[in-house]
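Here's input.cif, which has mmCIF, N, CA and C atoms:
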```
data_entry
#
loop_
_atom_site.label_atom_id
_atom_site.label_comp_id
_atom_site.auth_asym_id
_atom_site.auth_seq_id
_atom_site.Cartn_x
_atom_site.Cartn_y
_atom_site.Cartn_z
N MET A 1080 18.31 9.07 -45.23
CA MET A 1080 19.29 8.41 -44.39
C MET A 1080 19.78 7.19 -45.16
N ARG A 1081 20.96 7.25 -45.66
CA ARG A 1081 21.57 6.14 -46.40
C ARG A 1081 22.57 5.45 -45.49
N ILE A 1082 22.09 4.50 -44.71
CA ILE A 1082 22.91 3.87 -43.69
C ILE A 1082 24.08 3.11 -44.30
N LYS A 1083 23.81 2.29 -45.31
CA LYS A 1083 24.89 1.50 -45.91
C LYS A 1083 25.97 2.39 -46.50
N ASN A 1084 25.58 3.43 -47.23
CA ASN A 1084 26.57 4.34 -47.81
C ASN A 1084 27.37 5.07 -46.73
N GLY A 1085 26.69 5.54 -45.71
CA GLY A 1085 27.35 6.30 -44.65
C GLY A 1085 28.31 5.48 -43.81
N THR A 1086 28.07 4.19 -43.72
CA THR A 1086 28.89 3.35 -42.85
C THR A 1086 29.84 2.43 -43.62
N LYS A 1087 29.92 2.61 -44.92
CA LYS A 1087 30.74 1.73 -45.77
C LYS A 1087 32.18 1.60 -45.28
N LYS A 1088 32.80 2.70 -44.90
CA LYS A 1088 34.21 2.67 -44.49
C LYS A 1088 34.43 2.03 -43.12
N PHE A 1089 33.35 1.72 -42.41
CA PHE A 1089 33.48 1.14 -41.07
C PHE A 1089 33.34 -0.38 -41.04
N ASP A 1090 33.15 -1.00 -42.18
CA ASP A 1090 33.06 -2.46 -42.26
C ASP A 1090 31.94 -3.01 -41.37
N VAL A 1091 30.75 -2.49 -41.58
CA VAL A 1091 29.56 -2.96 -40.87
C VAL A 1091 28.81 -3.92 -41.79
N HIS A 1092 28.34 -5.01 -41.24
CA HIS A 1092 27.50 -5.92 -42.02
C HIS A 1092 26.04 -5.62 -41.67
N TRP A 1093 25.29 -5.10 -42.63
CA TRP A 1093 23.87 -4.78 -42.45
C TRP A 1093 23.02 -5.82 -43.16
N GLN A 1094 21.91 -6.17 -42.54
CA GLN A 1094 20.95 -7.07 -43.18
C GLN A 1094 19.55 -6.48 -42.99
N ARG A 1095 18.93 -6.13 -44.08
CA ARG A 1095 17.55 -5.65 -44.05
C ARG A 1095 16.65 -6.85 -43.81
N ILE A 1096 15.69 -6.71 -42.93
CA ILE A 1096 14.78 -7.79 -42.58
C ILE A 1096 13.40 -7.47 -43.12
N GLU A 1097 12.87 -8.34 -43.93
CA GLU A 1097 11.51 -8.20 -44.45
C GLU A 1097 10.78 -9.50 -44.13
N THR A 1098 9.93 -9.46 -43.12
CA THR A 1098 9.25 -10.68 -42.73
C THR A 1098 7.78 -10.41 -42.46
N SER A 1099 6.97 -11.32 -42.89
CA SER A 1099 5.54 -11.23 -42.57
C SER A 1099 5.15 -12.38 -41.65
N THR A 1100 6.12 -13.22 -41.30
CA THR A 1100 5.80 -14.37 -40.46
C THR A 1100 6.11 -14.14 -38.99
N ALA A 1101 7.05 -13.26 -38.69
CA ALA A 1101 7.43 -13.00 -37.31
C ALA A 1101 7.05 -11.57 -36.95
N LEU A 1102 5.99 -11.41 -36.21
CA LEU A 1102 5.50 -10.08 -35.86
C LEU A 1102 6.49 -9.32 -34.98
N GLY A 1103 6.71 -8.07 -35.31
CA GLY A 1103 7.50 -7.19 -34.47
C GLY A 1103 8.99 -7.16 -34.75
N VAL A 1104 9.51 -8.06 -35.57
CA VAL A 1104 10.95 -8.10 -35.84
C VAL A 1104 11.36 -6.79 -36.52
N PRO A 1105 12.44 -6.15 -36.01
CA PRO A 1105 12.87 -4.87 -36.58
C PRO A 1105 13.29 -4.96 -38.04
N ASP A 1106 13.39 -3.78 -38.66
CA ASP A 1106 13.69 -3.66 -40.08
C ASP A 1106 15.14 -3.98 -40.45
N LEU A 1107 16.04 -3.82 -39.49
CA LEU A 1107 17.46 -3.87 -39.82
C LEU A 1107 18.25 -4.54 -38.70
N ASN A 1108 19.17 -5.42 -39.09
CA ASN A 1108 20.12 -6.02 -38.16
C ASN A 1108 21.51 -5.64 -38.65
N GLY A 1109 22.38 -5.31 -37.71
CA GLY A 1109 23.75 -4.98 -38.08
C GLY A 1109 24.74 -5.64 -37.15
N SER A 1110 25.92 -5.89 -37.68
CA SER A 1110 27.02 -6.44 -36.89
C SER A 1110 28.25 -5.59 -37.14
N TYR A 1111 28.87 -5.17 -36.04
CA TYR A 1111 30.02 -4.28 -36.13
C TYR A 1111 30.94 -4.55 -34.95
N ASP A 1112 32.19 -4.83 -35.26
CA ASP A 1112 33.21 -5.01 -34.22
C ASP A 1112 32.78 -6.03 -33.17
N GLY A 1113 32.17 -7.13 -33.61
CA GLY A 1113 31.79 -8.21 -32.71
C GLY A 1113 30.48 -8.03 -31.97
N GLU A 1114 29.77 -6.98 -32.25
CA GLU A 1114 28.49 -6.70 -31.58
C GLU A 1114 27.36 -6.70 -32.60
N ASP A 1115 26.17 -7.10 -32.17
CA ASP A 1115 24.98 -7.06 -33.01
C ASP A 1115 24.00 -6.05 -32.47
N ALA A 1116 23.23 -5.45 -33.37
CA ALA A 1116 22.17 -4.52 -32.97
C ALA A 1116 20.99 -4.68 -33.92
N TRP A 1117 19.80 -4.48 -33.37
CA TRP A 1117 18.55 -4.54 -34.12
C TRP A 1117 17.94 -3.15 -34.11
N ILE A 1118 17.48 -2.69 -35.29
CA ILE A 1118 17.00 -1.32 -35.43
C ILE A 1118 15.67 -1.29 -36.18
N GLU A 1119 14.69 -0.65 -35.57
CA GLU A 1119 13.42 -0.37 -36.24
C GLU A 1119 13.57 1.00 -36.88
N LEU A 1120 13.24 1.10 -38.16
CA LEU A 1120 13.38 2.35 -38.90
C LEU A 1120 12.01 3.01 -39.10
N LYS A 1121 11.92 4.26 -38.75
CA LYS A 1121 10.68 5.03 -38.92
C LYS A 1121 11.00 6.36 -39.59
N VAL A 1122 9.96 6.99 -40.12
CA VAL A 1122 10.06 8.32 -40.71
C VAL A 1122 8.93 9.16 -40.11
N PHE A 1123 9.23 10.39 -39.80
CA PHE A 1123 8.21 11.29 -39.26
C PHE A 1123 7.40 11.96 -40.36
N THR A 1124 6.13 12.17 -40.09
CA THR A 1124 5.28 13.12 -40.79
C THR A 1124 4.82 14.07 -39.69
N GLY A 1125 5.36 15.27 -39.69
CA GLY A 1125 5.13 16.16 -38.56
C GLY A 1125 5.84 15.58 -37.34
N ASN A 1126 5.11 15.46 -36.23
CA ASN A 1126 5.69 14.91 -35.01
C ASN A 1126 5.31 13.45 -34.77
N LYS A 1127 4.66 12.83 -35.73
CA LYS A 1127 4.21 11.43 -35.59
C LYS A 1127 4.92 10.56 -36.62
N PHE A 1128 4.99 9.26 -36.31
CA PHE A 1128 5.57 8.32 -37.27
C PHE A 1128 4.65 8.17 -38.47
N ARG A 1129 5.23 8.10 -39.65
CA ARG A 1129 4.46 7.92 -40.89
C ARG A 1129 3.75 6.55 -40.87
N SER A 1130 4.46 5.51 -40.48
CA SER A 1130 3.85 4.19 -40.33
C SER A 1130 3.83 3.84 -38.85
N LYS A 1131 2.77 3.24 -38.42
CA LYS A 1131 2.53 2.99 -37.00
C LYS A 1131 3.61 2.11 -36.37
N PHE A 1132 4.01 2.46 -35.16
CA PHE A 1132 4.88 1.61 -34.34
C PHE A 1132 3.94 0.70 -33.56
N THR A 1133 3.90 -0.56 -33.94
CA THR A 1133 2.85 -1.47 -33.48
C THR A 1133 3.15 -2.08 -32.11
N GLY A 1134 2.10 -2.64 -31.52
CA GLY A 1134 2.25 -3.36 -30.26
C GLY A 1134 3.26 -4.49 -30.34
N PRO A 1135 3.19 -5.35 -31.39
CA PRO A 1135 4.19 -6.40 -31.50
C PRO A 1135 5.63 -5.86 -31.66
N GLN A 1136 5.78 -4.73 -32.33
CA GLN A 1136 7.12 -4.14 -32.45
C GLN A 1136 7.61 -3.68 -31.07
N ALA A 1137 6.75 -3.02 -30.32
CA ALA A 1137 7.13 -2.58 -28.97
C ALA A 1137 7.48 -3.78 -28.10
N ALA A 1138 6.67 -4.83 -28.15
CA ALA A 1138 6.92 -6.02 -27.34
C ALA A 1138 8.26 -6.66 -27.70
N TRP A 1139 8.56 -6.73 -29.00
CA TRP A 1139 9.82 -7.32 -29.43
C TRP A 1139 11.01 -6.55 -28.85
N HIS A 1140 10.95 -5.21 -28.94
CA HIS A 1140 12.06 -4.39 -28.43
C HIS A 1140 12.23 -4.53 -26.93
N VAL A 1141 11.14 -4.56 -26.19
CA VAL A 1141 11.23 -4.71 -24.74
C VAL A 1141 11.82 -6.08 -24.40
N ALA A 1142 11.34 -7.14 -25.07
CA ALA A 1142 11.85 -8.48 -24.80
C ALA A 1142 13.35 -8.57 -25.09
N ARG A 1143 13.80 -7.99 -26.20
CA ARG A 1143 15.22 -8.04 -26.56
C ARG A 1143 16.05 -7.25 -25.55
N THR A 1144 15.55 -6.09 -25.13
CA THR A 1144 16.28 -5.25 -24.20
C THR A 1144 16.38 -5.91 -22.83
N LYS A 1145 15.34 -6.63 -22.41
CA LYS A 1145 15.36 -7.31 -21.11
C LYS A 1145 16.49 -8.32 -21.00
N VAL A 1146 16.90 -8.90 -22.11
CA VAL A 1146 18.00 -9.88 -22.08
C VAL A 1146 19.32 -9.24 -22.53
N HIS A 1147 19.37 -7.91 -22.41
CA HIS A 1147 20.57 -7.13 -22.69
C HIS A 1147 20.96 -7.11 -24.16
N GLY A 1148 19.99 -7.34 -25.04
CA GLY A 1148 20.23 -7.20 -26.47
C GLY A 1148 20.20 -5.74 -26.86
N GLN A 1149 20.84 -5.42 -27.94
CA GLN A 1149 20.90 -4.04 -28.41
C GLN A 1149 19.76 -3.80 -29.39
N SER A 1150 18.83 -3.02 -28.94
CA SER A 1150 17.58 -2.78 -29.66
C SER A 1150 17.34 -1.28 -29.73
N TRP A 1151 17.10 -0.79 -30.95
CA TRP A 1151 16.99 0.66 -31.15
C TRP A 1151 15.83 0.99 -32.08
N ILE A 1152 15.32 2.19 -31.93
CA ILE A 1152 14.35 2.75 -32.86
C ILE A 1152 14.98 4.04 -33.39
N TRP A 1153 15.13 4.10 -34.71
CA TRP A 1153 15.66 5.30 -35.37
C TRP A 1153 14.54 5.89 -36.21
N ALA A 1154 14.37 7.20 -36.12
CA ALA A 1154 13.35 7.87 -36.94
C ALA A 1154 13.97 9.08 -37.63
N LEU A 1155 13.76 9.13 -38.93
CA LEU A 1155 14.23 10.25 -39.73
C LEU A 1155 13.18 11.34 -39.76
N ASP A 1156 13.59 12.56 -39.48
CA ASP A 1156 12.70 13.72 -39.63
C ASP A 1156 13.07 14.42 -40.93
N PRO A 1157 12.27 14.24 -41.98
CA PRO A 1157 12.62 14.81 -43.29
C PRO A 1157 12.63 16.34 -43.32
N ARG A 1158 12.07 16.98 -42.30
CA ARG A 1158 12.08 18.44 -42.28
C ARG A 1158 13.50 18.99 -42.18
N ASP A 1159 14.37 18.27 -41.43
CA ASP A 1159 15.75 18.74 -41.29
C ASP A 1159 16.77 17.60 -41.46
N ASP A 1160 16.29 16.43 -41.90
CA ASP A 1160 17.14 15.24 -42.08
C ASP A 1160 17.80 14.77 -40.79
N SER A 1161 17.23 15.09 -39.65
CA SER A 1161 17.79 14.62 -38.39
C SER A 1161 17.33 13.18 -38.11
N ILE A 1162 18.18 12.45 -37.40
CA ILE A 1162 17.86 11.09 -36.99
C ILE A 1162 17.65 11.10 -35.47
N HIS A 1163 16.46 10.71 -35.03
CA HIS A 1163 16.14 10.61 -33.61
C HIS A 1163 16.31 9.16 -33.19
N VAL A 1164 16.92 8.95 -32.03
CA VAL A 1164 17.26 7.59 -31.58
C VAL A 1164 16.70 7.33 -30.19
N TRP A 1165 16.01 6.19 -30.08
CA TRP A 1165 15.52 5.69 -28.79
C TRP A 1165 16.03 4.28 -28.59
N ASP A 1166 16.19 3.85 -27.33
CA ASP A 1166 16.56 2.46 -27.10
C ASP A 1166 15.30 1.63 -26.84
N GLY A 1167 15.48 0.33 -26.73
CA GLY A 1167 14.35 -0.59 -26.60
C GLY A 1167 13.46 -0.35 -25.39
N TRP A 1168 14.02 0.22 -24.33
CA TRP A 1168 13.20 0.50 -23.14
C TRP A 1168 12.11 1.53 -23.44
N ASP A 1169 12.31 2.35 -24.45
CA ASP A 1169 11.34 3.38 -24.80
C ASP A 1169 10.21 2.88 -25.69
N ALA A 1170 10.25 1.61 -26.06
CA ALA A 1170 9.33 1.09 -27.06
C ALA A 1170 7.86 1.22 -26.64
N LEU A 1171 7.53 0.94 -25.41
CA LEU A 1171 6.12 1.04 -24.99
C LEU A 1171 5.63 2.48 -25.05
N ALA A 1172 6.46 3.41 -24.60
CA ALA A 1172 6.07 4.83 -24.66
C ALA A 1172 5.91 5.29 -26.11
N LEU A 1173 6.81 4.82 -26.99
CA LEU A 1173 6.70 5.19 -28.41
C LEU A 1173 5.44 4.60 -29.03
N HIS A 1174 5.09 3.40 -28.62
CA HIS A 1174 3.86 2.78 -29.14
C HIS A 1174 2.63 3.61 -28.73
N LYS A 1175 2.64 4.12 -27.52
CA LYS A 1175 1.50 4.91 -27.03
C LYS A 1175 1.40 6.26 -27.72
N CYS A 1176 2.53 6.95 -27.93
CA CYS A 1176 2.44 8.32 -28.46
C CYS A 1176 2.75 8.41 -29.95
N GLN A 1177 3.41 7.38 -30.51
CA GLN A 1177 3.71 7.34 -31.95
C GLN A 1177 4.59 8.48 -32.44
N GLY A 1178 5.56 8.93 -31.61
CA GLY A 1178 6.44 9.97 -32.13
C GLY A 1178 7.15 10.79 -31.10
N LEU A 1179 7.28 12.07 -31.39
CA LEU A 1179 8.16 12.96 -30.64
C LEU A 1179 7.69 13.33 -29.24
N LEU A 1180 6.53 12.86 -28.81
CA LEU A 1180 6.14 13.12 -27.42
C LEU A 1180 7.03 12.35 -26.45
N THR A 1181 7.70 11.31 -26.92
CA THR A 1181 8.69 10.59 -26.12
C THR A 1181 10.06 11.15 -26.50
N PRO A 1182 10.73 11.84 -25.57
CA PRO A 1182 12.01 12.45 -25.91
C PRO A 1182 13.03 11.39 -26.36
N SER A 1183 13.74 11.69 -27.44
CA SER A 1183 14.75 10.75 -27.92
C SER A 1183 16.03 10.89 -27.09
N HIS A 1184 16.83 9.81 -27.08
CA HIS A 1184 18.10 9.83 -26.35
C HIS A 1184 19.14 10.67 -27.08
N GLU A 1185 19.08 10.61 -28.40
CA GLU A 1185 20.04 11.31 -29.23
C GLU A 1185 19.33 11.86 -30.45
N VAL A 1186 19.86 12.94 -30.98
CA VAL A 1186 19.43 13.47 -32.27
C VAL A 1186 20.69 13.76 -33.06
N PHE A 1187 20.80 13.13 -34.22
CA PHE A 1187 21.96 13.33 -35.08
C PHE A 1187 21.54 14.16 -36.29
N THR A 1188 22.35 15.15 -36.62
CA THR A 1188 22.04 16.02 -37.75
C THR A 1188 23.12 15.86 -38.82
N LYS A 1189 22.77 16.29 -40.04
CA LYS A 1189 23.71 16.22 -41.15
C LYS A 1189 24.80 17.27 -40.97
N PRO A 1190 26.02 16.97 -41.36
CA PRO A 1190 26.48 15.67 -41.84
C PRO A 1190 26.56 14.70 -40.66
N TYR A 1191 26.04 13.49 -40.86
CA TYR A 1191 25.99 12.51 -39.78
C TYR A 1191 27.39 12.07 -39.36
N ASP A 1192 27.59 11.98 -38.06
CA ASP A 1192 28.84 11.47 -37.51
C ASP A 1192 28.66 9.96 -37.32
N TRP A 1193 28.87 9.20 -38.40
CA TRP A 1193 28.60 7.76 -38.37
C TRP A 1193 29.48 7.04 -37.35
N SER A 1194 30.67 7.52 -37.11
CA SER A 1194 31.53 6.88 -36.11
C SER A 1194 30.86 6.91 -34.74
N THR A 1195 30.33 8.05 -34.35
CA THR A 1195 29.64 8.18 -33.05
C THR A 1195 28.35 7.38 -33.05
N ILE A 1196 27.59 7.44 -34.13
CA ILE A 1196 26.34 6.68 -34.21
C ILE A 1196 26.62 5.19 -34.04
N LEU A 1197 27.65 4.69 -34.71
CA LEU A 1197 27.98 3.26 -34.59
C LEU A 1197 28.46 2.90 -33.19
N GLN A 1198 29.27 3.74 -32.58
CA GLN A 1198 29.74 3.47 -31.22
C GLN A 1198 28.56 3.33 -30.26
N LYS A 1199 27.60 4.21 -30.38
CA LYS A 1199 26.45 4.18 -29.49
C LYS A 1199 25.52 3.01 -29.81
N THR A 1200 25.32 2.74 -31.09
CA THR A 1200 24.41 1.68 -31.51
C THR A 1200 24.94 0.30 -31.15
N PHE A 1201 26.24 0.11 -31.27
CA PHE A 1201 26.81 -1.21 -31.03
C PHE A 1201 27.46 -1.30 -29.65
N ASN A 1202 26.84 -0.63 -28.69
CA ASN A 1202 27.13 -0.78 -27.28
C ASN A 1202 28.57 -0.45 -26.90
N GLN A 1203 29.21 0.37 -27.66
CA GLN A 1203 30.54 0.77 -27.27
C GLN A 1203 30.47 2.06 -26.45
N GLU A 1204 29.32 2.71 -26.51
CA GLU A 1204 29.05 3.89 -25.70
C GLU A 1204 27.55 4.08 -25.68
N LYS A 1205 26.94 3.92 -24.53
CA LYS A 1205 25.49 4.06 -24.43
C LYS A 1205 25.09 5.53 -24.48
N PRO A 1206 24.00 5.85 -25.20
CA PRO A 1206 23.53 7.24 -25.23
C PRO A 1206 23.00 7.67 -23.88
#
```
Step by step, read the file and then write its structure as structure tokens.
Amino acid sequence: MRIKNGTKKFDVHWQRIETSTALGVPDLNGSYDGEDAWIELKVFTGNKFRSKFTGPQAAWHVARTKVHGQSWIWALDPRDDSIHVWDGWDALALHKCQGLLTPSHEVFTKPYDWSTILQKTFNQEKP
């Protein structure tokens, strides 16, 4: 999933977040058409996340969603290159099951329709 390459023509500002000081902060922040969104990036191994979706990550997503912030969890399934998408309200369930036992709101397959993905991610159309 090459987010920057796929969204280049849409004029999205992406910022990768790498922090060890603030627990739970998502991997990626983006700004598009006046809206901001925070995205936790995961990859599946089988039906589970390769790296654990932690309690602090779940708490961060729930807190952001409670104040109407745009908070998402995206997981790539390398078996078919599909992207599974959950919103911040699903964070506690994802923390408990660590993967596909929590049904995703959307599944995007290749070739990715970045226009639709961006509309949904940046609150122009909720999944």
Strand (DSSP E) residues, from DSSP on the backbone, in chain A, as a ChimeraX atom specification: /A:1092-1095,1107-1111,1114-1124,1127-1128,1150-1156,1161-1166,1185-1187
Near-range 1156-1158 of chain A list (8 Å; only C-alpha atoms; drop same-chain fewer than 2 positions) as a ChimeraX atom specification: /A:1122-1124,1154,1160-1163
Selection above as a file: N, CA and C atoms, as a PDB file, in the frame of the given file:
```pdb
ATOM      1  N   VAL A1122       9.960   6.990 -40.120  1.00  0.00           N
ATOM      2  CA  VAL A1122      10.060   8.320 -40.710  1.00  0.00           C
ATOM      3  C   VAL A1122       8.930   9.160 -40.110  1.00  0.00           C
ATOM      4  N   PHE A1123       9.230  10.390 -39.800  1.00  0.00           N
ATOM      5  CA  PHE A1123       8.210  11.290 -39.260  1.00  0.00           C
ATOM      6  C   PHE A1123       7.400  11.960 -40.360  1.00  0.00           C
ATOM      7  N   THR A1124       6.130  12.170 -40.090  1.00  0.00           N
ATOM      8  CA  THR A1124       5.280  13.120 -40.790  1.00  0.00           C
ATOM      9  C   THR A1124       4.820  14.070 -39.690  1.00  0.00           C
ATOM     10  N   ALA A1154      14.370   7.200 -36.120  1.00  0.00           N
ATOM     11  CA  ALA A1154      13.350   7.870 -36.940  1.00  0.00           C
ATOM     12  C   ALA A1154      13.970   9.080 -37.630  1.00  0.00           C
ATOM     13  N   ASP A1160      16.290  16.430 -41.900  1.00  0.00           N
ATOM     14  CA  ASP A1160      17.140  15.240 -42.080  1.00  0.00           C
ATOM     15  C   ASP A1160      17.800  14.770 -40.790  1.00  0.00           C
ATOM     16  N   SER A1161      17.230  15.090 -39.650  1.00  0.00           N
ATOM     17  CA  SER A1161      17.790  14.620 -38.390  1.00  0.00           C
ATOM     18  C   SER A1161      17.330  13.180 -38.110  1.00  0.00           C
ATOM     19  N   ILE A1162      18.180  12.450 -37.400  1.00  0.00           N
ATOM     20  CA  ILE A1162      17.860  11.090 -36.990  1.00  0.00           C
ATOM     21  C   ILE A1162      17.650  11.100 -35.470  1.00  0.00           C
ATOM     22  N   HIS A1163      16.460  10.710 -35.030  1.00  0.00           N
ATOM     23  CA  HIS A1163      16.140  10.610 -33.610  1.00  0.00           C
ATOM     24  C   HIS A1163      16.310   9.160 -33.190  1.00  0.00           C
TER      25      HIS A1163
END
```
d(CA of Thr1195 in chain A, CA of Glu1097 in chain A) in Å: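 Value for the CA of Thr1195 in chain A-CA of Glu1097 in chain A distance: 27.0 Å.
Of note, CA of Thr1200 in chain A and atom C of Asp1115 in chain A are spaced 7.8 Å apart.
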8 Å contact set for His1184 in chain A, only N, CA and C atoms, chain neighbours under 6 positions out, as a PyMOL selection string: chain A and resi 1163-1166+1206
I need the residue set behind the PyMOL selection byres (((chain A and resi 1181 and name CA) around 12) and name CA) for this file; please write it as a PDB file with N, CA and C atoms, keeping the file's coordinate frame.
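As a result, part-v5.pdb now contains:
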```pdb
ATOM      1  N   ASN A1126       5.110  15.460 -36.230  1.00  0.00           N
ATOM      2  CA  ASN A1126       5.690  14.910 -35.010  1.00  0.00           C
ATOM      3  C   ASN A1126       5.310  13.450 -34.770  1.00  0.00           C
ATOM      4  N   LYS A1127       4.660  12.830 -35.730  1.00  0.00           N
ATOM      5  CA  LYS A1127       4.210  11.430 -35.590  1.00  0.00           C
ATOM      6  C   LYS A1127       4.920  10.560 -36.620  1.00  0.00           C
ATOM      7  N   PHE A1128       4.990   9.260 -36.310  1.00  0.00           N
ATOM      8  CA  PHE A1128       5.570   8.320 -37.270  1.00  0.00           C
ATOM      9  C   PHE A1128       4.650   8.170 -38.470  1.00  0.00           C
ATOM     10  N   ILE A1152      15.320   2.190 -31.930  1.00  0.00           N
ATOM     11  CA  ILE A1152      14.350   2.750 -32.860  1.00  0.00           C
ATOM     12  C   ILE A1152      14.980   4.040 -33.390  1.00  0.00           C
ATOM     13  N   HIS A1163      16.460  10.710 -35.030  1.00  0.00           N
ATOM     14  CA  HIS A1163      16.140  10.610 -33.610  1.00  0.00           C
ATOM     15  C   HIS A1163      16.310   9.160 -33.190  1.00  0.00           C
ATOM     16  N   VAL A1164      16.920   8.950 -32.030  1.00  0.00           N
ATOM     17  CA  VAL A1164      17.260   7.590 -31.580  1.00  0.00           C
ATOM     18  C   VAL A1164      16.700   7.330 -30.190  1.00  0.00           C
ATOM     19  N   TRP A1165      16.010   6.190 -30.080  1.00  0.00           N
ATOM     20  CA  TRP A1165      15.520   5.690 -28.790  1.00  0.00           C
ATOM     21  C   TRP A1165      16.030   4.280 -28.590  1.00  0.00           C
ATOM     22  N   ASP A1166      16.190   3.850 -27.330  1.00  0.00           N
ATOM     23  CA  ASP A1166      16.560   2.460 -27.100  1.00  0.00           C
ATOM     24  C   ASP A1166      15.300   1.630 -26.840  1.00  0.00           C
ATOM     25  N   TRP A1168      14.020   0.220 -24.330  1.00  0.00           N
ATOM     26  CA  TRP A1168      13.200   0.500 -23.140  1.00  0.00           C
ATOM     27  C   TRP A1168      12.110   1.530 -23.440  1.00  0.00           C
ATOM     28  N   ASP A1169      12.310   2.350 -24.450  1.00  0.00           N
ATOM     29  CA  ASP A1169      11.340   3.380 -24.800  1.00  0.00           C
ATOM     30  C   ASP A1169      10.210   2.880 -25.690  1.00  0.00           C
ATOM     31  N   ALA A1170      10.250   1.610 -26.060  1.00  0.00           N
ATOM     32  CA  ALA A1170       9.330   1.090 -27.060  1.00  0.00           C
ATOM     33  C   ALA A1170       7.860   1.220 -26.640  1.00  0.00           C
ATOM     34  N   LEU A1171       7.530   0.940 -25.410  1.00  0.00           N
ATOM     35  CA  LEU A1171       6.120   1.040 -24.990  1.00  0.00           C
ATOM     36  C   LEU A1171       5.630   2.480 -25.050  1.00  0.00           C
ATOM     37  N   ALA A1172       6.460   3.410 -24.600  1.00  0.00           N
ATOM     38  CA  ALA A1172       6.070   4.830 -24.660  1.00  0.00           C
ATOM     39  C   ALA A1172       5.910   5.290 -26.110  1.00  0.00           C
ATOM     40  N   LEU A1173       6.810   4.820 -26.990  1.00  0.00           N
ATOM     41  CA  LEU A1173       6.700   5.190 -28.410  1.00  0.00           C
ATOM     42  C   LEU A1173       5.440   4.600 -29.030  1.00  0.00           C
ATOM     43  N   HIS A1174       5.090   3.400 -28.620  1.00  0.00           N
ATOM     44  CA  HIS A1174       3.860   2.780 -29.140  1.00  0.00           C
ATOM     45  C   HIS A1174       2.630   3.610 -28.730  1.00  0.00           C
ATOM     46  N   LYS A1175       2.640   4.120 -27.520  1.00  0.00           N
ATOM     47  CA  LYS A1175       1.500   4.910 -27.030  1.00  0.00           C
ATOM     48  C   LYS A1175       1.400   6.260 -27.720  1.00  0.00           C
ATOM     49  N   CYS A1176       2.530   6.950 -27.930  1.00  0.00           N
ATOM     50  CA  CYS A1176       2.440   8.320 -28.460  1.00  0.00           C
ATOM     51  C   CYS A1176       2.750   8.410 -29.950  1.00  0.00           C
ATOM     52  N   GLN A1177       3.410   7.380 -30.510  1.00  0.00           N
ATOM     53  CA  GLN A1177       3.710   7.340 -31.950  1.00  0.00           C
ATOM     54  C   GLN A1177       4.590   8.480 -32.440  1.00  0.00           C
ATOM     55  N   GLY A1178       5.560   8.930 -31.610  1.00  0.00           N
ATOM     56  CA  GLY A1178       6.440   9.970 -32.130  1.00  0.00           C
ATOM     57  C   GLY A1178       7.150  10.790 -31.100  1.00  0.00           C
ATOM     58  N   LEU A1179       7.280  12.070 -31.390  1.00  0.00           N
ATOM     59  CA  LEU A1179       8.160  12.960 -30.640  1.00  0.00           C
ATOM     60  C   LEU A1179       7.690  13.330 -29.240  1.00  0.00           C
ATOM     61  N   LEU A1180       6.530  12.860 -28.810  1.00  0.00           N
ATOM     62  CA  LEU A1180       6.140  13.120 -27.420  1.00  0.00           C
ATOM     63  C   LEU A1180       7.030  12.350 -26.450  1.00  0.00           C
ATOM     64  N   PRO A1182      10.730  11.840 -25.570  1.00  0.00           N
ATOM     65  CA  PRO A1182      12.010  12.450 -25.910  1.00  0.00           C
ATOM     66  C   PRO A1182      13.030  11.390 -26.360  1.00  0.00           C
ATOM     67  N   SER A1183      13.740  11.690 -27.440  1.00  0.00           N
ATOM     68  CA  SER A1183      14.750  10.750 -27.920  1.00  0.00           C
ATOM     69  C   SER A1183      16.030  10.890 -27.090  1.00  0.00           C
ATOM     70  N   HIS A1184      16.830   9.810 -27.080  1.00  0.00           N
ATOM     71  CA  HIS A1184      18.100   9.830 -26.350  1.00  0.00           C
ATOM     72  C   HIS A1184      19.140  10.670 -27.080  1.00  0.00           C
ATOM     73  N   GLU A1185      19.080  10.610 -28.400  1.00  0.00           N
ATOM     74  CA  GLU A1185      20.040  11.310 -29.230  1.00  0.00           C
ATOM     75  C   GLU A1185      19.330  11.860 -30.450  1.00  0.00           C
TER      76      GLU A1185
END
```
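A straight line drawn from CA of Asn1108 in chain A to CA of Ala1142 in chain A is 15.9 Å long.
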DSSP helix (DSSP H, G or I) residues within range 1090-1199 of chain A, as number ranges by chain: A: 1134-1145, 1167-1176, 1193-1199
Selection under test: the PyMOL selection byres (((chain A and resi 1191 and name CA) around 12) and name CA); residues as a list in words: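 Selected by the PyMOL selection byres (((chain A and resi 1191 and name CA) around 12) and name CA) here: Met1080, Arg1081, Ile1082, Asn1084, Gly1085, Thr1086, Leu1155, Asp1160, Ser1161, Ile1162, His1163, Val1186, Phe1187, Thr1188, Lys1189, Pro1190, Asp1192, Trp1193, Ser1194, Thr1195, Ile1196 and Leu1197 of chain A.
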